[in-house]
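> Pasting coords_2.cif below, which is mmCIF, C-alpha atoms and all ligand atoms.
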data_final
#
loop_
_atom_site.group_PDB
_atom_site.id
_atom_site.type_symbol
_atom_site.label_atom_id
_atom_site.label_comp_id
_atom_site.auth_asym_id
_atom_site.auth_seq_id
_atom_site.Cartn_x
_atom_site.Cartn_y
_atom_site.Cartn_z
ATOM 1 C CA MET A 1 -10.629 4.874 -14.984
ATOM 2 C CA ALA A 2 -6.900 4.539 -14.287
ATOM 3 C CA LYS A 3 -5.292 7.213 -12.170
ATOM 4 C CA LYS A 4 -2.235 9.253 -12.976
ATOM 5 C CA SER A 5 0.344 9.333 -10.221
ATOM 6 C CA GLY A 6 1.218 12.931 -11.035
ATOM 7 C CA THR A 7 4.406 14.413 -9.687
ATOM 8 C CA GLY A 8 3.209 15.289 -6.161
ATOM 9 C CA ASP A 9 3.470 13.004 -3.132
ATOM 10 C CA VAL A 10 4.436 9.840 -4.947
ATOM 11 C CA HIS A 11 7.340 11.567 -6.653
ATOM 12 C CA GLY A 12 8.513 12.985 -3.298
ATOM 13 C CA HIS A 13 8.141 9.547 -1.726
ATOM 14 C CA PHE A 14 10.355 7.865 -4.324
ATOM 15 C CA SER A 15 12.991 10.619 -4.029
ATOM 16 C CA THR A 16 13.116 10.001 -0.265
ATOM 17 C CA VAL A 17 13.426 6.216 -0.510
ATOM 18 C CA ALA A 18 15.716 6.032 -3.578
ATOM 19 C CA GLY A 19 18.899 5.533 -1.510
ATOM 20 C CA VAL A 20 17.528 2.584 0.492
ATOM 21 C CA TYR A 21 14.961 1.172 -1.894
ATOM 22 C CA ARG A 22 16.856 -1.966 -2.945
ATOM 23 C CA ASP A 23 17.648 -2.809 0.714
ATOM 24 C CA VAL A 24 14.128 -2.492 2.050
ATOM 25 C CA ARG A 25 12.274 -4.341 -0.730
ATOM 26 C CA THR A 26 12.332 -8.107 -1.256
ATOM 27 C CA THR A 27 13.490 -9.005 -4.769
ATOM 28 C CA ASP A 28 12.402 -12.292 -6.335
ATOM 29 C CA GLU A 29 14.244 -14.127 -9.069
ATOM 30 C CA GLU A 30 11.359 -16.418 -10.183
ATOM 31 C CA PRO A 31 9.698 -13.907 -12.574
ATOM 32 C CA ILE A 32 13.059 -13.246 -14.213
ATOM 33 C CA ARG A 33 13.498 -17.001 -14.830
ATOM 34 C CA VAL A 34 10.076 -17.064 -16.509
ATOM 35 C CA ILE A 35 11.057 -14.050 -18.649
ATOM 36 C CA ARG A 36 14.350 -15.715 -19.592
ATOM 37 C CA GLY A 37 12.383 -18.800 -20.696
ATOM 38 C CA ALA A 38 9.956 -16.702 -22.758
ATOM 39 C CA LEU A 39 12.833 -14.895 -24.527
ATOM 40 C CA ALA A 40 14.988 -18.023 -25.008
ATOM 41 C CA GLY A 41 16.772 -18.280 -28.344
ATOM 42 C CA ARG A 42 16.835 -14.550 -29.065
ATOM 43 C CA ALA A 43 20.143 -12.833 -29.631
ATOM 44 C CA ALA A 44 20.912 -9.170 -28.947
ATOM 45 C CA ILE A 45 17.725 -8.296 -27.108
ATOM 46 C CA ARG A 46 16.806 -4.603 -27.038
ATOM 47 C CA GLY A 47 14.452 -3.692 -24.216
ATOM 48 C CA ALA A 48 13.089 -0.950 -22.001
ATOM 49 C CA ASP A 49 12.122 -1.079 -18.333
ATOM 50 C CA ILE A 50 9.464 1.509 -17.532
ATOM 51 C CA GLY A 51 9.265 2.668 -13.909
ATOM 52 C CA CYS A 52 12.608 0.933 -13.334
ATOM 53 C CA GLY A 53 13.320 2.560 -9.957
ATOM 54 C CA ALA A 54 16.742 1.825 -8.429
ATOM 55 C CA GLY A 55 17.371 -1.067 -10.823
ATOM 56 C CA ARG A 56 17.053 -4.188 -8.640
ATOM 57 C CA TYR A 57 15.167 -6.071 -11.386
ATOM 58 C CA ASP A 58 17.360 -4.635 -14.144
ATOM 59 C CA TYR A 59 20.396 -6.135 -12.440
ATOM 60 C CA LEU A 60 18.670 -9.539 -12.455
ATOM 61 C CA LEU A 61 17.601 -9.120 -16.087
ATOM 62 C CA PHE A 62 21.235 -8.503 -17.081
ATOM 63 C CA ARG A 63 22.363 -11.559 -15.109
ATOM 64 C CA HIS A 64 19.821 -13.794 -16.861
ATOM 65 C CA LEU A 65 19.884 -12.219 -20.352
ATOM 66 C CA PRO A 66 23.530 -11.575 -21.218
ATOM 67 C CA ASP A 67 22.782 -10.114 -24.684
ATOM 68 C CA LEU A 68 20.411 -7.489 -23.320
ATOM 69 C CA HIS A 69 20.604 -3.762 -24.029
ATOM 70 C CA LEU A 70 18.201 -1.845 -21.806
ATOM 71 C CA THR A 71 16.744 1.653 -21.715
ATOM 72 C CA CYS A 72 15.881 2.281 -18.079
ATOM 73 C CA ILE A 73 13.027 4.772 -17.839
ATOM 74 C CA ASP A 74 11.679 6.479 -14.734
ATOM 75 C CA MET A 75 10.228 9.901 -13.943
ATOM 76 C CA ASN A 76 12.423 10.094 -10.829
ATOM 77 C CA PRO A 77 16.055 11.197 -11.424
ATOM 78 C CA GLU A 78 17.162 10.112 -7.910
ATOM 79 C CA MET A 79 16.006 6.570 -8.632
ATOM 80 C CA LEU A 80 17.856 6.591 -11.964
ATOM 81 C CA ALA A 81 21.061 7.857 -10.309
ATOM 82 C CA GLU A 82 20.841 4.919 -7.867
ATOM 83 C CA LEU A 83 20.224 2.541 -10.759
ATOM 84 C CA SER A 84 23.305 3.774 -12.650
ATOM 85 C CA ARG A 85 25.488 3.413 -9.547
ATOM 86 C CA HIS A 86 24.165 -0.079 -8.907
ATOM 87 C CA LEU A 87 24.539 -1.397 -12.459
ATOM 88 C CA ARG A 88 27.944 0.228 -13.106
ATOM 89 C CA GLY A 89 29.117 -0.949 -9.657
ATOM 90 C CA ASN A 90 28.340 -4.472 -10.841
ATOM 91 C CA GLY A 91 30.216 -4.016 -14.124
ATOM 92 C CA ILE A 92 27.100 -3.531 -16.275
ATOM 93 C CA GLU A 93 27.381 -0.842 -18.977
ATOM 94 C CA ASN A 94 24.886 -2.025 -21.565
ATOM 95 C CA PHE A 95 22.140 0.422 -20.636
ATOM 96 C CA GLU A 96 21.081 4.040 -20.789
ATOM 97 C CA THR A 97 18.727 5.969 -18.549
ATOM 98 C CA LEU A 98 15.863 8.221 -19.556
ATOM 99 C CA VAL A 99 14.043 10.578 -17.197
ATOM 100 C CA ALA A 100 10.455 10.543 -18.431
ATOM 101 C CA SER A 101 6.973 9.882 -17.206
ATOM 102 C CA VAL A 102 4.890 7.289 -19.016
ATOM 103 C CA GLU A 103 2.423 9.971 -19.923
ATOM 104 C CA ASP A 104 5.114 12.019 -21.750
ATOM 105 C CA LEU A 105 7.102 9.095 -23.139
ATOM 106 C CA GLN A 106 7.948 9.051 -26.856
ATOM 107 C CA LEU A 107 9.287 5.711 -28.099
ATOM 108 C CA ILE A 108 10.160 4.718 -31.655
ATOM 109 C CA ASP A 109 7.664 2.379 -33.374
ATOM 110 C CA GLN A 110 8.630 -1.292 -33.642
ATOM 111 C CA SER A 111 12.019 -0.662 -32.044
ATOM 112 C CA LEU A 112 11.989 -3.005 -29.028
ATOM 113 C CA ASP A 113 12.120 -6.767 -28.523
ATOM 114 C CA CYS A 114 10.764 -6.460 -25.033
ATOM 115 C CA ILE A 115 9.316 -4.046 -22.535
ATOM 116 C CA PHE A 116 9.295 -4.617 -18.782
ATOM 117 C CA SER A 117 7.578 -2.944 -15.888
ATOM 118 C CA PHE A 118 7.985 -4.226 -12.328
ATOM 119 C CA ASN A 119 5.818 -3.055 -9.425
ATOM 120 C CA ALA A 120 5.068 0.221 -11.162
ATOM 121 C CA VAL A 121 1.942 0.114 -13.353
ATOM 122 C CA HIS A 122 -0.359 1.068 -10.450
ATOM 123 C CA HIS A 123 1.467 4.412 -10.428
ATOM 124 C CA PHE A 124 0.752 5.006 -14.137
ATOM 125 C CA ASP A 125 -2.225 5.724 -16.242
ATOM 126 C CA PHE A 126 -2.220 2.051 -17.316
ATOM 127 C CA PRO A 127 -4.288 2.440 -20.532
ATOM 128 C CA THR A 128 -1.885 5.203 -21.636
ATOM 129 C CA PHE A 129 1.038 2.863 -20.897
ATOM 130 C CA LEU A 130 -0.570 0.079 -22.965
ATOM 131 C CA ASN A 131 -1.300 2.388 -25.889
ATOM 132 C CA LYS A 132 2.282 3.709 -25.888
ATOM 133 C CA ILE A 133 3.885 0.270 -25.870
ATOM 134 C CA GLY A 134 1.418 -1.236 -28.362
ATOM 135 C CA GLY A 135 3.280 0.133 -31.367
ATOM 136 C CA THR A 136 6.744 0.113 -29.838
ATOM 137 C CA MET A 137 7.308 -3.632 -29.768
ATOM 138 C CA LYS A 138 8.717 -5.424 -32.799
ATOM 139 C CA LYS A 139 6.357 -7.934 -34.473
ATOM 140 C CA ASP A 140 7.570 -10.815 -32.292
ATOM 141 C CA GLY A 141 8.094 -8.565 -29.248
ATOM 142 C CA ARG A 142 6.951 -9.260 -25.701
ATOM 143 C CA THR A 143 5.856 -7.041 -22.810
ATOM 144 C CA PHE A 144 6.104 -8.255 -19.211
ATOM 145 C CA VAL A 145 4.199 -6.503 -16.444
ATOM 146 C CA TYR A 146 4.876 -7.666 -12.886
ATOM 147 C CA THR A 147 2.483 -6.363 -10.279
ATOM 148 C CA ARG A 148 0.113 -7.401 -7.494
ATOM 149 C CA THR A 149 -3.665 -7.293 -7.527
ATOM 150 C CA PRO A 150 -5.829 -5.866 -4.709
ATOM 151 C CA GLY A 151 -6.681 -9.462 -3.673
ATOM 152 C CA GLN A 152 -3.003 -10.438 -3.509
ATOM 153 C CA ASN A 153 -2.273 -7.275 -1.541
ATOM 154 C CA SER A 154 -5.008 -8.086 0.980
ATOM 155 C CA ARG A 155 -3.505 -11.540 1.659
ATOM 156 C CA SER A 156 -0.022 -10.148 2.477
ATOM 157 C CA ILE A 157 1.195 -9.628 6.049
ATOM 158 C CA TRP A 158 0.403 -5.917 5.630
ATOM 159 C CA GLY A 159 -3.036 -6.505 4.159
ATOM 160 C CA LYS A 160 -3.961 -8.861 6.988
ATOM 161 C CA HIS A 161 -2.432 -7.091 9.971
ATOM 162 C CA PHE A 162 -1.505 -3.446 9.227
ATOM 163 C CA PRO A 163 -4.509 -1.174 9.980
ATOM 164 C CA ASP A 164 -6.169 0.324 6.883
ATOM 165 C CA PHE A 165 -3.470 -0.985 4.521
ATOM 166 C CA CYS A 166 -5.994 -2.158 1.905
ATOM 167 C CA GLU A 167 -8.261 0.862 2.362
ATOM 168 C CA LYS A 168 -5.302 3.228 1.756
ATOM 169 C CA GLU A 169 -3.964 1.268 -1.234
ATOM 170 C CA ARG A 170 -6.596 1.935 -3.891
ATOM 171 C CA ARG A 171 -4.225 2.118 -6.883
ATOM 172 C CA LEU A 172 -3.748 -1.588 -7.640
ATOM 173 C CA PHE A 173 -5.640 -3.120 -10.557
ATOM 174 C CA LYS A 174 -7.722 -6.287 -10.676
ATOM 175 C CA LEU A 175 -6.716 -8.820 -13.325
ATOM 176 C CA GLU A 176 -10.120 -8.452 -15.029
ATOM 177 C CA THR A 177 -9.597 -4.683 -15.316
ATOM 178 C CA MET A 178 -6.104 -5.091 -16.778
ATOM 179 C CA LYS A 179 -7.430 -7.688 -19.257
ATOM 180 C CA ARG A 180 -10.175 -5.296 -20.338
ATOM 181 C CA TRP A 181 -7.672 -2.470 -20.920
ATOM 182 C CA ILE A 182 -5.313 -4.765 -22.844
ATOM 183 C CA ASP A 183 -8.182 -5.889 -25.049
ATOM 184 C CA ALA A 184 -9.348 -2.302 -25.583
ATOM 185 C CA THR A 185 -5.978 -1.308 -27.091
ATOM 186 C CA GLU A 186 -6.760 -3.587 -30.079
ATOM 187 C CA ARG A 187 -2.985 -3.819 -30.519
ATOM 188 C CA LEU A 188 -1.991 -6.193 -27.723
ATOM 189 C CA THR A 189 -2.912 -9.699 -26.737
ATOM 190 C CA LEU A 190 -2.422 -11.238 -23.306
ATOM 191 C CA ILE A 191 -0.616 -14.536 -23.764
ATOM 192 C CA ASP A 192 0.056 -15.469 -20.138
ATOM 193 C CA ALA A 193 -0.934 -14.339 -16.639
ATOM 194 C CA ARG A 194 1.138 -16.250 -14.109
ATOM 195 C CA THR A 195 0.782 -15.951 -10.356
ATOM 196 C CA PHE A 196 3.629 -16.365 -7.868
ATOM 197 C CA ARG A 197 3.302 -17.235 -4.194
ATOM 198 C CA TYR A 198 6.418 -16.761 -2.091
ATOM 199 C CA PRO A 199 6.841 -18.100 1.438
ATOM 200 C CA ARG A 200 8.356 -15.376 3.649
ATOM 201 C CA THR A 201 9.820 -15.263 7.148
ATOM 202 C CA ALA A 202 10.945 -12.142 9.015
ATOM 203 C CA SER A 203 11.155 -10.809 12.555
ATOM 204 C CA LEU A 204 8.637 -8.238 13.741
ATOM 205 C CA ARG A 205 11.569 -5.874 14.116
ATOM 206 C CA ARG A 206 12.509 -6.221 10.443
ATOM 207 C CA LEU A 207 8.871 -5.761 9.384
ATOM 208 C CA LEU A 208 8.602 -2.544 11.388
ATOM 209 C CA GLU A 209 11.930 -1.385 9.956
ATOM 210 C CA GLN A 210 10.560 -1.935 6.429
ATOM 211 C CA ALA A 211 7.297 -0.136 7.168
ATOM 212 C CA ARG A 212 9.118 2.816 8.764
ATOM 213 C CA SER A 213 11.381 3.008 5.683
ATOM 214 C CA LYS A 214 8.119 3.202 3.690
ATOM 215 C CA HIS A 215 9.186 0.267 1.517
ATOM 216 C CA TYR A 216 5.687 0.273 0.052
ATOM 217 C CA SER A 217 4.562 3.717 -1.063
ATOM 218 C CA THR A 218 1.210 2.840 0.566
ATOM 219 C CA PHE A 219 2.771 3.832 3.896
ATOM 220 C CA SER A 220 3.370 7.373 2.619
ATOM 221 C CA LEU A 221 -0.428 7.712 2.301
ATOM 222 C CA TYR A 222 -0.826 7.761 6.115
ATOM 223 C CA ARG A 223 -0.645 10.987 8.119
ATOM 224 C CA PRO A 224 2.400 10.924 10.494
ATOM 225 C CA GLY A 225 0.458 10.382 13.778
ATOM 226 C CA GLU A 226 -1.853 7.920 12.087
ATOM 227 C CA PHE A 227 1.133 5.957 10.768
ATOM 228 C CA ASP A 228 2.795 5.690 14.206
ATOM 229 C CA ALA A 229 -0.451 4.460 15.771
ATOM 230 C CA ALA A 230 -0.901 1.947 12.920
ATOM 231 C CA CYS A 231 2.652 0.612 13.510
ATOM 232 C CA GLU A 232 1.803 0.027 17.186
ATOM 233 C CA THR A 233 -1.452 -1.772 16.336
ATOM 234 C CA PHE A 234 0.407 -3.829 13.712
ATOM 235 C CA ALA A 235 2.992 -4.891 16.331
ATOM 236 C CA ASP A 236 0.168 -5.888 18.736
ATOM 237 C CA ASN A 237 -1.603 -7.822 15.971
ATOM 238 C CA ILE A 238 1.575 -9.717 15.075
ATOM 239 C CA ARG A 239 2.294 -10.604 18.727
ATOM 240 C CA ARG A 240 -1.279 -11.865 19.065
ATOM 241 C CA HIS A 241 -1.304 -13.922 15.857
ATOM 242 C CA PHE A 242 2.199 -15.408 15.878
ATOM 243 C CA ASP A 243 3.870 -17.462 18.650
ATOM 244 C CA ASP A 244 7.357 -16.170 17.886
ATOM 245 C CA PRO A 245 7.729 -12.482 16.836
ATOM 246 C CA MET A 246 11.279 -13.343 15.739
ATOM 247 C CA LYS A 247 9.815 -15.689 13.132
ATOM 248 C CA VAL A 248 6.724 -14.279 11.470
ATOM 249 C CA GLU A 249 5.658 -16.384 8.475
ATOM 250 C CA TRP A 250 3.353 -15.447 5.608
ATOM 251 C CA HIS A 251 3.077 -15.562 1.807
ATOM 252 C CA ASP A 252 3.520 -12.734 -0.676
ATOM 253 C CA GLU A 253 1.801 -13.014 -4.040
ATOM 254 C CA ASN A 254 2.403 -11.346 -7.392
ATOM 255 C CA ILE A 255 1.286 -11.692 -10.991
ATOM 256 C CA LEU A 256 3.286 -11.556 -14.236
ATOM 257 C CA LEU A 257 1.402 -10.595 -17.398
ATOM 258 C CA GLN A 258 2.975 -11.404 -20.750
ATOM 259 C CA MET A 259 1.678 -9.575 -23.813
ATOM 260 C CA ALA A 260 2.447 -9.691 -27.530
ATOM 261 C CA PRO A 261 1.447 -7.411 -30.425
ATOM 262 C CA ASP A 262 -1.945 -8.450 -31.764
ATOM 263 C CA ASP A 263 -1.085 -8.306 -35.454
ATOM 264 C CA ASP A 264 -3.828 -10.749 -36.444
ATOM 265 C CA ARG A 265 -6.471 -8.484 -35.022
ATOM 266 C CA LYS A 266 -4.909 -5.436 -36.700
ATOM 267 C CA SER A 267 -5.160 -7.148 -40.103
ATOM 268 C CA ARG A 268 -8.682 -8.468 -39.363
ATOM 269 C CA THR A 269 -9.968 -4.964 -38.547
ATOM 270 C CA ARG A 270 -8.306 -3.221 -41.486
HETATM 271 C C1 LIG A 301 7.300 0.930 -6.698
HETATM 272 S S1 LIG A 301 8.608 1.644 -7.628
HETATM 273 C C2 LIG A 301 9.205 0.195 -8.475
HETATM 274 C C3 LIG A 301 10.598 0.374 -8.997
HETATM 275 C C4 LIG A 301 11.208 -0.861 -9.660
HETATM 276 N N1 LIG A 301 10.525 -1.234 -10.874
HETATM 277 C C5 LIG A 301 11.277 -2.009 -8.677
HETATM 278 O O1 LIG A 301 10.470 -2.946 -8.768
HETATM 279 O O2 LIG A 301 12.138 -1.936 -7.814
HETATM 280 C C6 LIG A 301 7.745 2.525 -8.913
HETATM 281 C C7 LIG A 301 8.617 3.394 -9.779
HETATM 282 O O3 LIG A 301 7.790 3.955 -10.797
HETATM 283 C C8 LIG A 301 8.169 5.302 -10.988
HETATM 284 N N2 LIG A 301 6.997 6.031 -11.517
HETATM 285 C C9 LIG A 301 5.854 6.343 -10.863
HETATM 286 N N3 LIG A 301 4.990 6.973 -11.674
HETATM 287 C C10 LIG A 301 5.602 7.063 -12.888
HETATM 288 C C11 LIG A 301 5.207 7.596 -14.152
HETATM 289 N N4 LIG A 301 4.002 8.144 -14.314
HETATM 290 N N5 LIG A 301 6.094 7.518 -15.180
HETATM 291 C C12 LIG A 301 7.314 6.935 -15.008
HETATM 292 N N6 LIG A 301 7.737 6.421 -13.835
HETATM 293 C C13 LIG A 301 6.888 6.469 -12.784
HETATM 294 C C14 LIG A 301 8.604 5.800 -9.625
HETATM 295 O O4 LIG A 301 9.447 6.929 -9.712
HETATM 296 C C15 LIG A 301 9.290 4.558 -9.051
HETATM 297 O O5 LIG A 301 10.666 4.547 -9.304
#
Could the structure of this file be written out as C-alpha cells, please?

Amino acid sequence: MAKKSGTGDVHGHFSTVAGVYRDVRTTDEEPIRVIRGALAGRAAIRGADIGCGAGRYDYLLFRHLPDLHLTCIDMNPEMLAELSRHLRGNGIENFETLVASVEDLQLIDQSLDCIFSFNAVHHFDFPTFLNKIGGTMKKDGRTFVYTRTPGQNSRSIWGKHFPDFCEKERRLFKLETMKRWIDATERLTLIDARTFRYPRTASLRRLLEQARSKHYSTFSLYRPGEFDAACETFADNIRRHFDDPMKVEWHDENILLQMAPDDDRKSRTR
C-alpha cells in the first residue's frame, strides 16, 4: 500500500531545505523537452504542478511552454514562497500558488490540460493522487509524473556508495506497482514510460556538500551520528573506487510517465 508522507519529519525537512533546494539539486531539461513535444500544437495550456517545491521545474516549463498558466501546489508554504520569488524574479507572473496536501486537494473536474509532478509522488499516497487527477484532466488532457524507481536509485552514486542509502529510502515505487495503481483507477491510461540516463561528474567535495545539505530527503532519515559516520564511509568508498576525487563520474536515472484519461474504458464499463 502507498504511504502518506504526513506532516511530520518530511514537512520539517522541506521547510529546512527550501532556501537552498534549487542550488543543491541537479535540474534536467530533457524531460521538459519531451513534455513540450507531447503538448505541441496546444494553445493556452492550463496546468497544475503538484508537489512543486521551490519551482525549478516550473521555471523550465514556462520557458518551454510560453502559453502556460500554472497552479503550483505544495503542502509546504516555505517552498511555495521560494517558488514565487524565483518565478517573479524571472519575470513570470502567469501562475498562482496553493498550499494543500494531495490528500486534501480539491480540484475542479475536467478543468486542466495537464498535470505535472516532479520528484514528489513517493511522498504522496500515490493511488489517492491518481484518483484525484483522474477526473480533473480535460478529455484530451495529459499527466506527467517524473520520478525514480528503487532500481534507478540503487544505481546512483548514493545507492552504490553511501551506506544504507537504499535501505533507508523505502518510499520509491517500482514501475510495475505504479502501472498497477494507474490501471486500478479505471480512469487513466499509461501512454508512455520513458527512462532517462544522465552522465554526471562532480568532485567528492561537492557530493559531500550536497549530502550535508540533505538534497535528497533520504538523508534526513539518518540519525545525526549515523549520518556523519555514513558521510565518512562514503568519502572512503569514493576515494577507493575513483582515481580522481575531483572528478567522480556516474549516471543518474529517472523515469517520466505520461498518462491520459481512459474515456474508452469509462464508456465500455458503463
Ligand atoms: C522532493 S521535493 C520535489 C519538489 C519539486 N517538484 C522539484 O522537483 O524540485 C517534494 C515536494 O513535495 C511536497 N510534498 C510532500 N508531500 C506532499 C503531499 N502529501 N502533498 C503535497 N505536497 C507534498 C514537499 O513539500 C516538497 O516540496
> Can you pull out every residue with an atom within 8 Å of ligand LIG 301 (chain A)? Use all atoms listed in the file and format it as a VMD selection string.
chain A and resid 4 to 7 10 to 11 14 to 15 18 21 to 22 25 27 49 to 57 73 to 76 79 to 80 99 to 103 117 to 121 123 to 125 216 to 217
> Exactly which residues make up the result of the PyMOL selection byres (((chain A and resi 181) around 12) and not hetatm) on this file, given as JSON, numbers by chain?
{"A": [1, 2, 125, 126, 127, 128, 129, 130, 131, 134, 173, 174, 175, 176, 177, 178, 179, 180, 182, 183, 184, 185, 186, 187, 188, 189, 190]}
> What is the distance, in Å and to one decimal place, between atom CA of A:Arg85 and atom CA of A:Val24?
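Here the two named atoms are 17.3 Å from each other.
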> Counting all atoms listed in the file, which of A:Thr26, A:Pro245, A:Ala81, A:His251 gets nearest to A:Arg155?
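Once distances to A:Arg155 are computed over all atoms listed in the file, the minimum belongs to A:His251.
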> I would like the residues chosen by the PyMOL selection byres (((chain A and resi 202-204) around 10) and not hetatm) on the shown file; could you give them as a list in words?
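With the PyMOL selection byres (((chain A and resi 202-204) around 10) and not hetatm) on this model, the match is Arg200, Thr201, Arg205, Arg206, Leu207, Leu208, Glu209, Gln210, Phe234, Ala235, Ile238, Arg239, Phe242, Asp244, Pro245, Met246, Lys247, Val248, Glu249 and Trp250 of chain A.
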> For a test of reading the model, state the distance in Å between atom CA of A:Phe116 and atom CA of A:Phe95, rounded to one decimal.
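Atom CA of A:Phe95 lies 13.9 Å from atom CA of A:Phe116.
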> Find the residues around A:Ser220 up to 12 Å (only C-alpha atoms counted), leave out those fewer than 3 positions away in its own chain, and share them as a PDB file with C-alpha atoms, in the frame of the given file.

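Result saved to around-v7.pdb:
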ATOM      1  CA  GLY A   8       3.209  15.289  -6.161  1.00  0.00           C
ATOM      2  CA  ASP A   9       3.470  13.004  -3.132  1.00  0.00           C
ATOM      3  CA  VAL A  10       4.436   9.840  -4.947  1.00  0.00           C
ATOM      4  CA  HIS A  11       7.340  11.567  -6.653  1.00  0.00           C
ATOM      5  CA  GLY A  12       8.513  12.985  -3.298  1.00  0.00           C
ATOM      6  CA  HIS A  13       8.141   9.547  -1.726  1.00  0.00           C
ATOM      7  CA  PHE A  14      10.355   7.865  -4.324  1.00  0.00           C
ATOM      8  CA  THR A  16      13.116  10.001  -0.265  1.00  0.00           C
ATOM      9  CA  VAL A  17      13.426   6.216  -0.510  1.00  0.00           C
ATOM     10  CA  PHE A 165      -3.470  -0.985   4.521  1.00  0.00           C
ATOM     11  CA  LYS A 168      -5.302   3.228   1.756  1.00  0.00           C
ATOM     12  CA  GLU A 169      -3.964   1.268  -1.234  1.00  0.00           C
ATOM     13  CA  ALA A 211       7.297  -0.136   7.168  1.00  0.00           C
ATOM     14  CA  ARG A 212       9.118   2.816   8.764  1.00  0.00           C
ATOM     15  CA  SER A 213      11.381   3.008   5.683  1.00  0.00           C
ATOM     16  CA  LYS A 214       8.119   3.202   3.690  1.00  0.00           C
ATOM     17  CA  HIS A 215       9.186   0.267   1.517  1.00  0.00           C
ATOM     18  CA  TYR A 216       5.687   0.273   0.052  1.00  0.00           C
ATOM     19  CA  SER A 217       4.562   3.717  -1.063  1.00  0.00           C
ATOM     20  CA  ARG A 223      -0.645  10.987   8.119  1.00  0.00           C
ATOM     21  CA  PRO A 224       2.400  10.924  10.494  1.00  0.00           C
ATOM     22  CA  GLY A 225       0.458  10.382  13.778  1.00  0.00           C
ATOM     23  CA  GLU A 226      -1.853   7.920  12.087  1.00  0.00           C
ATOM     24  CA  PHE A 227       1.133   5.957  10.768  1.00  0.00           C
ATOM     25  CA  ASP A 228       2.795   5.690  14.206  1.00  0.00           C
TER      26      ASP A 228
END
